[in-house]
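All remarks here apply to the structure that follows.
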Amino acid sequence: MDESESLQFVFRNPTKIVFGRNAVSDIAYEVELLGGQRVLVVTDRDLAKSAMVEKVRKALGSCYAGLYGEVVQDTGVEIVDRGGAFGKGVGADTVVSVGGGSSIDTAKGIAILLKEGGGIRDYAAQFNALTRPQTPHIVIPTTAGTGSEVTYAAVIKDHERKQKLLVVDNHILPNTGILDPEMTVGMPPGLTAATGMDALTHAVEAIHSEQHEPIADAMAMHAIRLIREFLPRAVENGRDLVVRGQMLIAANLAGVAFGNAQVGIVHAMAHSVGARFGVPHGVANSILLPYGMRFNLDICPRYVMVAQALGIPVEGKSAEEAGLEAIEEIKRFTGRLGLPQRLREVQVPEAGIREVAELTLYDGSLVYNPKPAFDAEVIESVLREAW
Ligand SMILES: [Fe+2]
């Protein structure tokens with residue numbers, strides 16, 4: 001908690017959330033509320049021909065204008081640019097994304113291109129450069145992790161430069177998120193576990209962030225409680241709609257928390273290890289979270305809150321003891337979920353660690369880490385621990 005006199009914060013949460021089983025069936029109404037008439041649906045190659053996307057298409061009825069189903073894992077500059085051109089071609093005035101973080105972030109980029117023109121690289125150079133609302137965007141997540149339906153950032157891979165571009169702007173916050181548990185039942189256990197750990201990492205990093213604040217704290221704490229209870233159950237039985245629904249809520253809460261408080265060294269390293277070696281975002285976070293926390297532990301009494309949310313008794317323990325127990329509990333938790341524990345298990349070569357550390361220095365998330373880490377050597381040592 002922060003009870004200091006210097007406490008100052010801004011909290012935003014403008015995205016409308018519609019939750020419920022079969023909530024997708026109301027999408028035409030949500031489009032109408034946003035003044036849309038021609039909807040571009042954006043999704044990935046796997047989902048493009050799925051019954052889920054078909055359901056969205058049917059529910060859109062006469063306002064359906066076209067499907068851009070070319071998104072892949074870790075979306076890229078070309079995919080976004082082609083999607084923008086396709087959307088213009090079908091005369092789209094509204095974007096609906098169906099998928100995980102990659103599809104949602106692609107749609108955020110397309111929403112800009114439909115309004116402003118140009119290529120997505122033009123918008124990655126500066127923060128909050130857009131001066132007006134962008135193309136209305138409704139998000140239907142099919143994973144429970146990214147929280148991208150409530151964040152104002154899009155991560156887009158620049159394959160040429162082997163870097164992840166960050167587009168950060170309040171005007172790309174989606175207008176509406178439709179959280180329908182039926183849309184996430186198709187997720188296999190491995191993806192369920194990894195995306196759920198992305199959400200847990202958002203929550204923990206929102207709590208340890210330099211920009212932490214009490215509203216985000218409350219949301220992050222509840223997200224951790226829900227993930228602790230429901231993620232193992234979602235991995236075990238993906239058909240359980242109650243459990244799937246609770247995980248969507250957890251990911252959303254964690255998304256709002258980090259959308260306001262930001263993330264830190266764990267995400268900075270995870271972005272780099274993903275950009276350089278293709279490690280999926282949730283898997284990278286899951287492996288790196290305990291090591292990022294261990295790095296911050298001596299200056300971060302806030303891990304007591306993480307321990308509490310994980311159900312660890314903290315009374316009579318120092319902040320460091322409680323934090324250490326939280327770290328160990330997270331390792332046990334990911335072990336039980338069947339997730340890899342080390343970077344070396346996910347094809348990161350030892351010889352590549354230095355390069356990842358250097359790349360991490362350029363990641364904006366590092367700014368919010370509670371302990372300064374603007375030194376490749378320091379980051380390298382954390383990565384080595386995790387290797
Ligand atoms: Fe993340």
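Starting from 1 in every chain, residues are counted up; chains themselves are A, B, ... following the order of the structure tokens, and ligands are numbered from 1 as listed.
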
7 Å contact set for Ala193 in chain A, only C-alpha atoms, chain neighbours under 4 positions out, as number ranges by chain
A: 189, 197, 231, 235, 337

Let me see the file: selected residues, N, CA, C and O atoms, as a PDB file, in the first residue's frame.
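That gives us selection32.pdb:
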ATOM      1  N   PRO A 189      -5.186 -26.780 -23.302  1.00  0.00           N
ATOM      2  CA  PRO A 189      -4.643 -26.553 -21.950  1.00  0.00           C
ATOM      3  C   PRO A 189      -3.353 -25.751 -21.921  1.00  0.00           C
ATOM      4  O   PRO A 189      -3.195 -24.869 -21.068  1.00  0.00           O
ATOM      5  N   MET A 197      -1.030 -17.127 -17.294  1.00  0.00           N
ATOM      6  CA  MET A 197       0.163 -16.619 -16.605  1.00  0.00           C
ATOM      7  C   MET A 197       0.563 -15.234 -17.096  1.00  0.00           C
ATOM      8  O   MET A 197       1.180 -14.467 -16.365  1.00  0.00           O
ATOM      9  N   LEU A 231      -7.387 -20.733 -12.681  1.00  0.00           N
ATOM     10  CA  LEU A 231      -6.529 -21.142 -13.800  1.00  0.00           C
ATOM     11  C   LEU A 231      -6.257 -22.657 -13.801  1.00  0.00           C
ATOM     12  O   LEU A 231      -6.395 -23.302 -14.843  1.00  0.00           O
ATOM     13  N   VAL A 235      -7.329 -25.176 -16.922  1.00  0.00           N
ATOM     14  CA  VAL A 235      -6.384 -26.058 -17.616  1.00  0.00           C
ATOM     15  C   VAL A 235      -6.891 -27.497 -17.573  1.00  0.00           C
ATOM     16  O   VAL A 235      -6.788 -28.247 -18.538  1.00  0.00           O
ATOM     17  N   LEU A 337       0.929 -26.340 -13.451  1.00  0.00           N
ATOM     18  CA  LEU A 337       0.210 -26.073 -14.704  1.00  0.00           C
ATOM     19  C   LEU A 337       0.902 -26.721 -15.909  1.00  0.00           C
ATOM     20  O   LEU A 337       0.404 -26.676 -17.023  1.00  0.00           O
TER      21      LEU A 337
END

Please, which residues have at least one atom within 7 Å of an atom of ligand 1, using only C-alpha atoms and all ligand atoms, listed as a VMD selection string?
chain A and resid 146 198 to 199 201 to 202 267 281 to 282

Please dump the current selection as a JSON list (two decimals), in the first residue's frame; keep all heavy atoms.
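Result went into result-v3.json, see below:
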[["chain", "number", "residue", "atom", "x", "y", "z"],
["A", 146, "THR", "N", -4.25, -11.59, -22.18],
["A", 146, "THR", "CA", -3.62, -10.33, -22.58],
["A", 146, "THR", "C", -4.26, -9.11, -21.95],
["A", 146, "THR", "O", -3.58, -8.13, -21.69],
["A", 146, "THR", "CB", -3.70, -10.13, -24.10],
["A", 146, "THR", "OG1", -5.07, -9.93, -24.45],
["A", 146, "THR", "CG2", -3.18, -11.32, -24.84],
["A", 198, "ASP", "N", 0.21, -14.91, -18.33],
["A", 198, "ASP", "CA", 0.41, -13.54, -18.80],
["A", 198, "ASP", "C", -0.42, -12.60, -17.92],
["A", 198, "ASP", "O", 0.07, -11.57, -17.44],
["A", 198, "ASP", "CB", 0.00, -13.43, -20.28],
["A", 198, "ASP", "CG", 0.28, -12.05, -20.87],
["A", 198, "ASP", "OD1", 1.17, -11.35, -20.36],
["A", 198, "ASP", "OD2", -0.40, -11.69, -21.86],
["A", 199, "ALA", "N", -1.67, -13.00, -17.67],
["A", 199, "ALA", "CA", -2.54, -12.18, -16.82],
["A", 199, "ALA", "C", -1.98, -12.06, -15.40],
["A", 199, "ALA", "O", -1.97, -10.97, -14.81],
["A", 199, "ALA", "CB", -3.95, -12.77, -16.78],
["A", 201, "THR", "N", 1.09, -12.20, -14.55],
["A", 201, "THR", "CA", 2.26, -11.32, -14.63],
["A", 201, "THR", "C", 1.82, -9.85, -14.72],
["A", 201, "THR", "O", 2.44, -8.98, -14.10],
["A", 201, "THR", "CB", 3.14, -11.71, -15.85],
["A", 201, "THR", "OG1", 3.42, -13.11, -15.76],
["A", 201, "THR", "CG2", 4.45, -10.93, -15.86],
["A", 202, "HIS", "N", 0.76, -9.58, -15.47],
["A", 202, "HIS", "CA", 0.23, -8.20, -15.52],
["A", 202, "HIS", "C", -0.12, -7.73, -14.11],
["A", 202, "HIS", "O", 0.18, -6.60, -13.72],
["A", 202, "HIS", "CB", -1.03, -8.13, -16.38],
["A", 202, "HIS", "CG", -0.78, -8.41, -17.82],
["A", 202, "HIS", "ND1", -1.74, -8.90, -18.67],
["A", 202, "HIS", "CD2", 0.35, -8.27, -18.57],
["A", 202, "HIS", "CE1", -1.21, -9.05, -19.88],
["A", 202, "HIS", "NE2", 0.05, -8.69, -19.84],
["A", 267, "HIS", "N", 8.06, -8.04, -18.24],
["A", 267, "HIS", "CA", 7.57, -7.85, -19.60],
["A", 267, "HIS", "C", 8.67, -7.36, -20.54],
["A", 267, "HIS", "O", 8.71, -7.74, -21.71],
["A", 267, "HIS", "CB", 6.37, -6.89, -19.61],
["A", 267, "HIS", "CG", 5.06, -7.62, -19.55],
["A", 267, "HIS", "ND1", 4.60, -8.17, -18.39],
["A", 267, "HIS", "CD2", 4.16, -7.93, -20.52],
["A", 267, "HIS", "CE1", 3.45, -8.77, -18.65],
["A", 267, "HIS", "NE2", 3.16, -8.65, -19.93],
["A", 281, "HIS", "N", 4.52, -15.15, -25.67],
["A", 281, "HIS", "CA", 4.53, -14.12, -24.63],
["A", 281, "HIS", "C", 4.19, -14.67, -23.23],
["A", 281, "HIS", "O", 4.88, -14.39, -22.25],
["A", 281, "HIS", "CB", 3.56, -13.02, -25.04],
["A", 281, "HIS", "CG", 3.48, -11.89, -24.08],
["A", 281, "HIS", "ND1", 4.54, -11.04, -23.85],
["A", 281, "HIS", "CD2", 2.48, -11.47, -23.28],
["A", 281, "HIS", "CE1", 4.19, -10.14, -22.95],
["A", 281, "HIS", "NE2", 2.95, -10.38, -22.58],
["A", 282, "GLY", "N", 3.13, -15.45, -23.15],
["A", 282, "GLY", "CA", 2.71, -15.98, -21.85],
["A", 282, "GLY", "C", 3.74, -16.93, -21.25],
["A", 282, "GLY", "O", 3.99, -16.93, -20.04]]

Could you go through range 273-345 of chain A and tell me which residues DSSP, when run on the backbone, assigns to helix (DSSP H, G or I), listing them as JSON, numbers by chain?
{"A": [273, 274, 275, 276, 277, 281, 282, 283, 284, 285, 286, 287, 288, 289, 290, 291, 292, 293, 294, 295, 296, 297, 298, 299, 303, 304, 305, 306, 307, 308, 309, 319, 320, 321, 322, 323, 324, 325, 326, 327, 328, 329, 330, 331, 332, 333, 334, 335, 336, 343, 344, 345]}

Go ahead and save the residues from that selection, with N, CA and C atoms, as a compact mmCIF listing (two decimals), in the first residue's frame.
# COMPACT_ATOMS: atom_id res chain seq x y z
N VAL A 273 12.75 -11.67 -25.45
CA VAL A 273 12.97 -13.10 -25.67
C VAL A 273 11.97 -13.61 -26.73
N GLY A 274 10.82 -12.96 -26.80
CA GLY A 274 9.84 -13.29 -27.84
C GLY A 274 10.29 -12.79 -29.19
N ALA A 275 10.79 -11.54 -29.21
CA ALA A 275 11.20 -10.95 -30.48
C ALA A 275 12.39 -11.71 -31.07
N ARG A 276 13.34 -12.09 -30.21
CA ARG A 276 14.57 -12.72 -30.70
C ARG A 276 14.42 -14.22 -30.94
N PHE A 277 13.72 -14.92 -30.04
CA PHE A 277 13.66 -16.39 -30.14
C PHE A 277 12.25 -16.96 -30.27
N HIS A 281 4.52 -15.15 -25.67
CA HIS A 281 4.53 -14.12 -24.63
C HIS A 281 4.19 -14.67 -23.23
N GLY A 282 3.13 -15.45 -23.15
CA GLY A 282 2.71 -15.98 -21.85
C GLY A 282 3.74 -16.93 -21.25
N VAL A 283 4.34 -17.74 -22.11
CA VAL A 283 5.36 -18.70 -21.65
C VAL A 283 6.59 -17.94 -21.14
N ALA A 284 6.99 -16.92 -21.90
CA ALA A 284 8.16 -16.12 -21.49
C ALA A 284 7.89 -15.45 -20.14
N ASN A 285 6.72 -14.86 -19.99
CA ASN A 285 6.39 -14.21 -18.72
C ASN A 285 6.36 -15.21 -17.57
N SER A 286 5.78 -16.37 -17.84
CA SER A 286 5.65 -17.39 -16.81
C SER A 286 7.02 -17.81 -16.29
N ILE A 287 7.97 -17.99 -17.20
CA ILE A 287 9.32 -18.38 -16.80
C ILE A 287 10.02 -17.24 -16.06
N LEU A 288 9.86 -16.02 -16.57
CA LEU A 288 10.67 -14.89 -16.08
C LEU A 288 10.11 -14.22 -14.83
N LEU A 289 8.81 -14.40 -14.56
CA LEU A 289 8.20 -13.68 -13.44
C LEU A 289 8.92 -13.89 -12.10
N PRO A 290 9.18 -15.15 -11.69
CA PRO A 290 9.85 -15.32 -10.39
C PRO A 290 11.22 -14.65 -10.34
N TYR A 291 11.92 -14.63 -11.48
CA TYR A 291 13.28 -14.08 -11.48
C TYR A 291 13.27 -12.55 -11.49
N GLY A 292 12.28 -11.99 -12.17
CA GLY A 292 12.11 -10.54 -12.12
C GLY A 292 11.75 -10.09 -10.71
N MET A 293 10.88 -10.86 -10.05
CA MET A 293 10.49 -10.53 -8.67
C MET A 293 11.68 -10.67 -7.72
N ARG A 294 12.46 -11.72 -7.95
CA ARG A 294 13.64 -11.97 -7.10
C ARG A 294 14.61 -10.78 -7.21
N PHE A 295 14.74 -10.26 -8.44
CA PHE A 295 15.61 -9.11 -8.67
C PHE A 295 15.12 -7.89 -7.89
N ASN A 296 13.81 -7.69 -7.87
CA ASN A 296 13.25 -6.50 -7.21
C ASN A 296 13.09 -6.66 -5.70
N LEU A 297 13.14 -7.90 -5.24
CA LEU A 297 12.68 -8.22 -3.87
C LEU A 297 13.23 -7.31 -2.77
N ASP A 298 14.52 -7.03 -2.80
CA ASP A 298 15.10 -6.30 -1.66
C ASP A 298 14.60 -4.86 -1.55
N ILE A 299 14.05 -4.32 -2.63
CA ILE A 299 13.54 -2.95 -2.51
C ILE A 299 12.01 -2.89 -2.71
N TYR A 303 5.48 -6.90 -2.47
CA TYR A 303 5.20 -8.31 -2.75
C TYR A 303 4.41 -8.97 -1.61
N VAL A 304 4.34 -8.29 -0.49
CA VAL A 304 3.46 -8.78 0.59
C VAL A 304 2.03 -8.89 0.06
N MET A 305 1.63 -7.91 -0.76
CA MET A 305 0.28 -7.93 -1.32
C MET A 305 0.09 -9.12 -2.26
N VAL A 306 1.12 -9.42 -3.02
CA VAL A 306 1.05 -10.58 -3.92
C VAL A 306 0.92 -11.85 -3.09
N ALA A 307 1.72 -11.93 -2.03
CA ALA A 307 1.65 -13.11 -1.15
C ALA A 307 0.24 -13.26 -0.57
N GLN A 308 -0.31 -12.15 -0.10
CA GLN A 308 -1.67 -12.20 0.47
C GLN A 308 -2.68 -12.70 -0.55
N ALA A 309 -2.60 -12.16 -1.76
CA ALA A 309 -3.57 -12.55 -2.79
C ALA A 309 -3.39 -14.02 -3.18
N ALA A 319 8.65 -8.30 4.97
CA ALA A 319 8.20 -8.15 3.58
C ALA A 319 9.03 -9.06 2.67
N GLU A 320 10.31 -9.18 2.99
CA GLU A 320 11.18 -9.99 2.14
C GLU A 320 10.83 -11.48 2.26
N GLU A 321 10.54 -11.90 3.49
CA GLU A 321 10.15 -13.32 3.66
C GLU A 321 8.85 -13.62 2.91
N ALA A 322 7.88 -12.72 3.08
CA ALA A 322 6.59 -12.93 2.40
C ALA A 322 6.77 -12.92 0.88
N GLY A 323 7.60 -11.99 0.40
CA GLY A 323 7.86 -11.90 -1.04
C GLY A 323 8.52 -13.16 -1.57
N LEU A 324 9.47 -13.66 -0.80
CA LEU A 324 10.17 -14.89 -1.20
C LEU A 324 9.20 -16.06 -1.29
N GLU A 325 8.29 -16.12 -0.32
CA GLU A 325 7.29 -17.20 -0.35
C GLU A 325 6.38 -17.05 -1.57
N ALA A 326 6.04 -15.81 -1.92
CA ALA A 326 5.21 -15.58 -3.11
C ALA A 326 5.94 -16.08 -4.36
N ILE A 327 7.23 -15.79 -4.43
CA ILE A 327 8.03 -16.23 -5.58
C ILE A 327 8.04 -17.76 -5.69
N GLU A 328 8.28 -18.41 -4.55
CA GLU A 328 8.32 -19.87 -4.56
C GLU A 328 6.95 -20.45 -4.92
N GLU A 329 5.90 -19.82 -4.43
CA GLU A 329 4.54 -20.29 -4.72
C GLU A 329 4.23 -20.17 -6.21
N ILE A 330 4.70 -19.08 -6.83
CA ILE A 330 4.46 -18.91 -8.27
C ILE A 330 5.20 -20.00 -9.06
N LYS A 331 6.40 -20.35 -8.63
CA LYS A 331 7.13 -21.43 -9.32
C LYS A 331 6.37 -22.76 -9.20
N ARG A 332 5.88 -23.04 -7.98
CA ARG A 332 5.11 -24.29 -7.80
C ARG A 332 3.85 -24.28 -8.67
N PHE A 333 3.21 -23.12 -8.70
CA PHE A 333 1.97 -22.95 -9.45
C PHE A 333 2.19 -23.24 -10.95
N THR A 334 3.22 -22.65 -11.54
CA THR A 334 3.47 -22.86 -12.97
C THR A 334 3.94 -24.30 -13.23
N GLY A 335 4.62 -24.88 -12.25
CA GLY A 335 5.03 -26.28 -12.37
C GLY A 335 3.80 -27.18 -12.45
N ARG A 336 2.85 -26.91 -11.56
CA ARG A 336 1.61 -27.70 -11.56
C ARG A 336 0.81 -27.52 -12.85
N LEU A 343 14.43 -20.88 -19.37
CA LEU A 343 14.58 -20.42 -20.76
C LEU A 343 15.21 -21.49 -21.64
N ARG A 344 16.08 -22.30 -21.04
CA ARG A 344 16.76 -23.30 -21.86
C ARG A 344 15.77 -24.38 -22.35
N GLU A 345 14.63 -24.50 -21.66
CA GLU A 345 13.62 -25.48 -22.10
C GLU A 345 12.81 -24.98 -23.30

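Here CA of Ala376 in chain A is placed at a distance of 10.3 Å from CA of Tyr362 in chain A.
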
Name the residues in contact with Leu200 in chain A at a cut-off of 9 Å, using only C-alpha atoms, excluding same-chain residues fewer than 6 positions from it; report them as a list in words.
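Contacts, with the query itself left out: Gly145, Ala220, Ala223, Ile224, Ile227, Arg228, Ala250, Ala251, Ala254 and Ser286 of chain A.
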
Residues of the last selection are to be written out with N, CA, C and O atoms, as a tab-separated table (two decimals), in the first residue's frame.
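What follows is the written file selection14.tsv:
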chain	number	residue	atom	x	y	z
A	145	GLY	N	-6.03	-13.67	-21.04
A	145	GLY	CA	-4.67	-13.36	-20.60
A	145	GLY	C	-4.21	-11.97	-20.92
A	145	GLY	O	-3.83	-11.22	-20.02
A	220	ALA	N	-5.68	-5.69	-9.39
A	220	ALA	CA	-4.62	-6.69	-9.54
A	220	ALA	C	-4.73	-7.77	-8.46
A	220	ALA	O	-4.58	-8.96	-8.74
A	223	ALA	N	-7.51	-10.02	-9.34
A	223	ALA	CA	-7.11	-10.85	-10.48
A	223	ALA	C	-6.25	-12.03	-10.01
A	223	ALA	O	-6.46	-13.17	-10.41
A	224	ILE	N	-5.30	-11.76	-9.11
A	224	ILE	CA	-4.43	-12.83	-8.62
A	224	ILE	C	-5.25	-13.89	-7.89
A	224	ILE	O	-5.06	-15.10	-8.09
A	227	ILE	N	-7.11	-15.96	-10.50
A	227	ILE	CA	-6.20	-16.81	-11.30
A	227	ILE	C	-5.75	-18.01	-10.46
A	227	ILE	O	-5.71	-19.14	-10.93
A	228	ARG	N	-5.42	-17.73	-9.21
A	228	ARG	CA	-4.99	-18.80	-8.32
A	228	ARG	C	-6.08	-19.87	-8.21
A	228	ARG	O	-5.83	-21.07	-8.25
A	250	ALA	N	-10.68	-12.24	-14.70
A	250	ALA	CA	-9.34	-12.05	-14.11
A	250	ALA	C	-8.41	-11.34	-15.10
A	250	ALA	O	-7.70	-10.39	-14.73
A	251	ALA	N	-8.42	-11.81	-16.34
A	251	ALA	CA	-7.54	-11.21	-17.36
A	251	ALA	C	-7.92	-9.75	-17.60
A	251	ALA	O	-7.06	-8.89	-17.80
A	254	ALA	N	-6.75	-7.64	-14.56
A	254	ALA	CA	-5.30	-7.46	-14.63
A	254	ALA	C	-4.95	-6.51	-15.76
A	254	ALA	O	-4.01	-5.71	-15.65
A	286	SER	N	5.78	-16.37	-17.84
A	286	SER	CA	5.65	-17.39	-16.81
A	286	SER	C	7.02	-17.81	-16.29
A	286	SER	O	7.23	-17.97	-15.08

Contacts of Ala125 in chain A within 10 Å, only C-alpha atoms, excl. fewer than 4 positions in-chain, as a PDB file with all heavy atoms, in the first residue's frame:
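Output saved as result17.pdb:
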ATOM      1  N   ILE A 120       1.837   1.312 -40.278  1.00  0.00           N
ATOM      2  CA  ILE A 120       1.822   1.270 -38.807  1.00  0.00           C
ATOM      3  C   ILE A 120       3.146   1.750 -38.200  1.00  0.00           C
ATOM      4  O   ILE A 120       3.185   2.261 -37.077  1.00  0.00           O
ATOM      5  CB  ILE A 120       1.391  -0.113 -38.278  1.00  0.00           C
ATOM      6  CG1 ILE A 120       0.978  -0.020 -36.797  1.00  0.00           C
ATOM      7  CG2 ILE A 120       2.473  -1.178 -38.467  1.00  0.00           C
ATOM      8  CD1 ILE A 120      -0.217   0.860 -36.526  1.00  0.00           C
ATOM      9  N   ARG A 121       4.253   1.599 -38.961  1.00  0.00           N
ATOM     10  CA  ARG A 121       5.548   2.086 -38.444  1.00  0.00           C
ATOM     11  C   ARG A 121       5.498   3.589 -38.139  1.00  0.00           C
ATOM     12  O   ARG A 121       6.179   4.071 -37.244  1.00  0.00           O
ATOM     13  CB  ARG A 121       6.657   1.830 -39.453  1.00  0.00           C
ATOM     14  CG  ARG A 121       7.277   0.452 -39.345  1.00  0.00           C
ATOM     15  CD  ARG A 121       8.645   0.416 -40.021  1.00  0.00           C
ATOM     16  NE  ARG A 121       9.118  -0.948 -40.143  1.00  0.00           N
ATOM     17  CZ  ARG A 121       8.967  -1.692 -41.228  1.00  0.00           C
ATOM     18  NH1 ARG A 121       8.360  -1.212 -42.292  1.00  0.00           N
ATOM     19  NH2 ARG A 121       9.406  -2.938 -41.257  1.00  0.00           N
ATOM     20  N   ALA A 129       0.460  10.295 -29.816  1.00  0.00           N
ATOM     21  CA  ALA A 129       0.603  11.273 -30.900  1.00  0.00           C
ATOM     22  C   ALA A 129      -0.718  11.502 -31.639  1.00  0.00           C
ATOM     23  O   ALA A 129      -0.877  12.507 -32.316  1.00  0.00           O
ATOM     24  CB  ALA A 129       1.667  10.805 -31.878  1.00  0.00           C
ATOM     25  N   LEU A 165       7.608  -3.516 -32.027  1.00  0.00           N
ATOM     26  CA  LEU A 165       7.176  -2.118 -32.014  1.00  0.00           C
ATOM     27  C   LEU A 165       6.066  -1.958 -31.003  1.00  0.00           C
ATOM     28  O   LEU A 165       5.210  -2.819 -30.871  1.00  0.00           O
ATOM     29  CB  LEU A 165       6.602  -1.714 -33.373  1.00  0.00           C
ATOM     30  CG  LEU A 165       7.497  -1.638 -34.590  1.00  0.00           C
ATOM     31  CD1 LEU A 165       6.668  -1.142 -35.765  1.00  0.00           C
ATOM     32  CD2 LEU A 165       8.650  -0.696 -34.333  1.00  0.00           C
ATOM     33  N   LEU A 166       6.096  -0.849 -30.309  1.00  0.00           N
ATOM     34  CA  LEU A 166       5.020  -0.540 -29.375  1.00  0.00           C
ATOM     35  C   LEU A 166       4.263   0.677 -29.885  1.00  0.00           C
ATOM     36  O   LEU A 166       4.861   1.735 -30.063  1.00  0.00           O
ATOM     37  CB  LEU A 166       5.620  -0.193 -28.013  1.00  0.00           C
ATOM     38  CG  LEU A 166       5.673  -1.248 -26.928  1.00  0.00           C
ATOM     39  CD1 LEU A 166       6.218  -0.623 -25.654  1.00  0.00           C
ATOM     40  CD2 LEU A 166       4.308  -1.855 -26.656  1.00  0.00           C
ATOM     41  N   VAL A 167       2.981   0.497 -30.124  1.00  0.00           N
ATOM     42  CA  VAL A 167       2.151   1.655 -30.426  1.00  0.00           C
ATOM     43  C   VAL A 167       1.364   1.940 -29.146  1.00  0.00           C
ATOM     44  O   VAL A 167       0.632   1.085 -28.663  1.00  0.00           O
ATOM     45  CB  VAL A 167       1.188   1.386 -31.592  1.00  0.00           C
ATOM     46  CG1 VAL A 167       0.348   2.617 -31.900  1.00  0.00           C
ATOM     47  CG2 VAL A 167       1.964   0.946 -32.825  1.00  0.00           C
ATOM     48  N   VAL A 168       1.589   3.107 -28.580  1.00  0.00           N
ATOM     49  CA  VAL A 168       0.978   3.434 -27.293  1.00  0.00           C
ATOM     50  C   VAL A 168       0.209   4.743 -27.429  1.00  0.00           C
ATOM     51  O   VAL A 168       0.804   5.795 -27.680  1.00  0.00           O
ATOM     52  CB  VAL A 168       2.054   3.579 -26.191  1.00  0.00           C
ATOM     53  CG1 VAL A 168       1.394   3.865 -24.847  1.00  0.00           C
ATOM     54  CG2 VAL A 168       2.898   2.320 -26.099  1.00  0.00           C
TER      55      VAL A 168
END

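The nearest approach to Val71 in chain A among the residues A:Pro174, A:Gly117, A:Gly196, A:Gly100, with only C-alpha atoms taken into account, belongs to A:Gly100.
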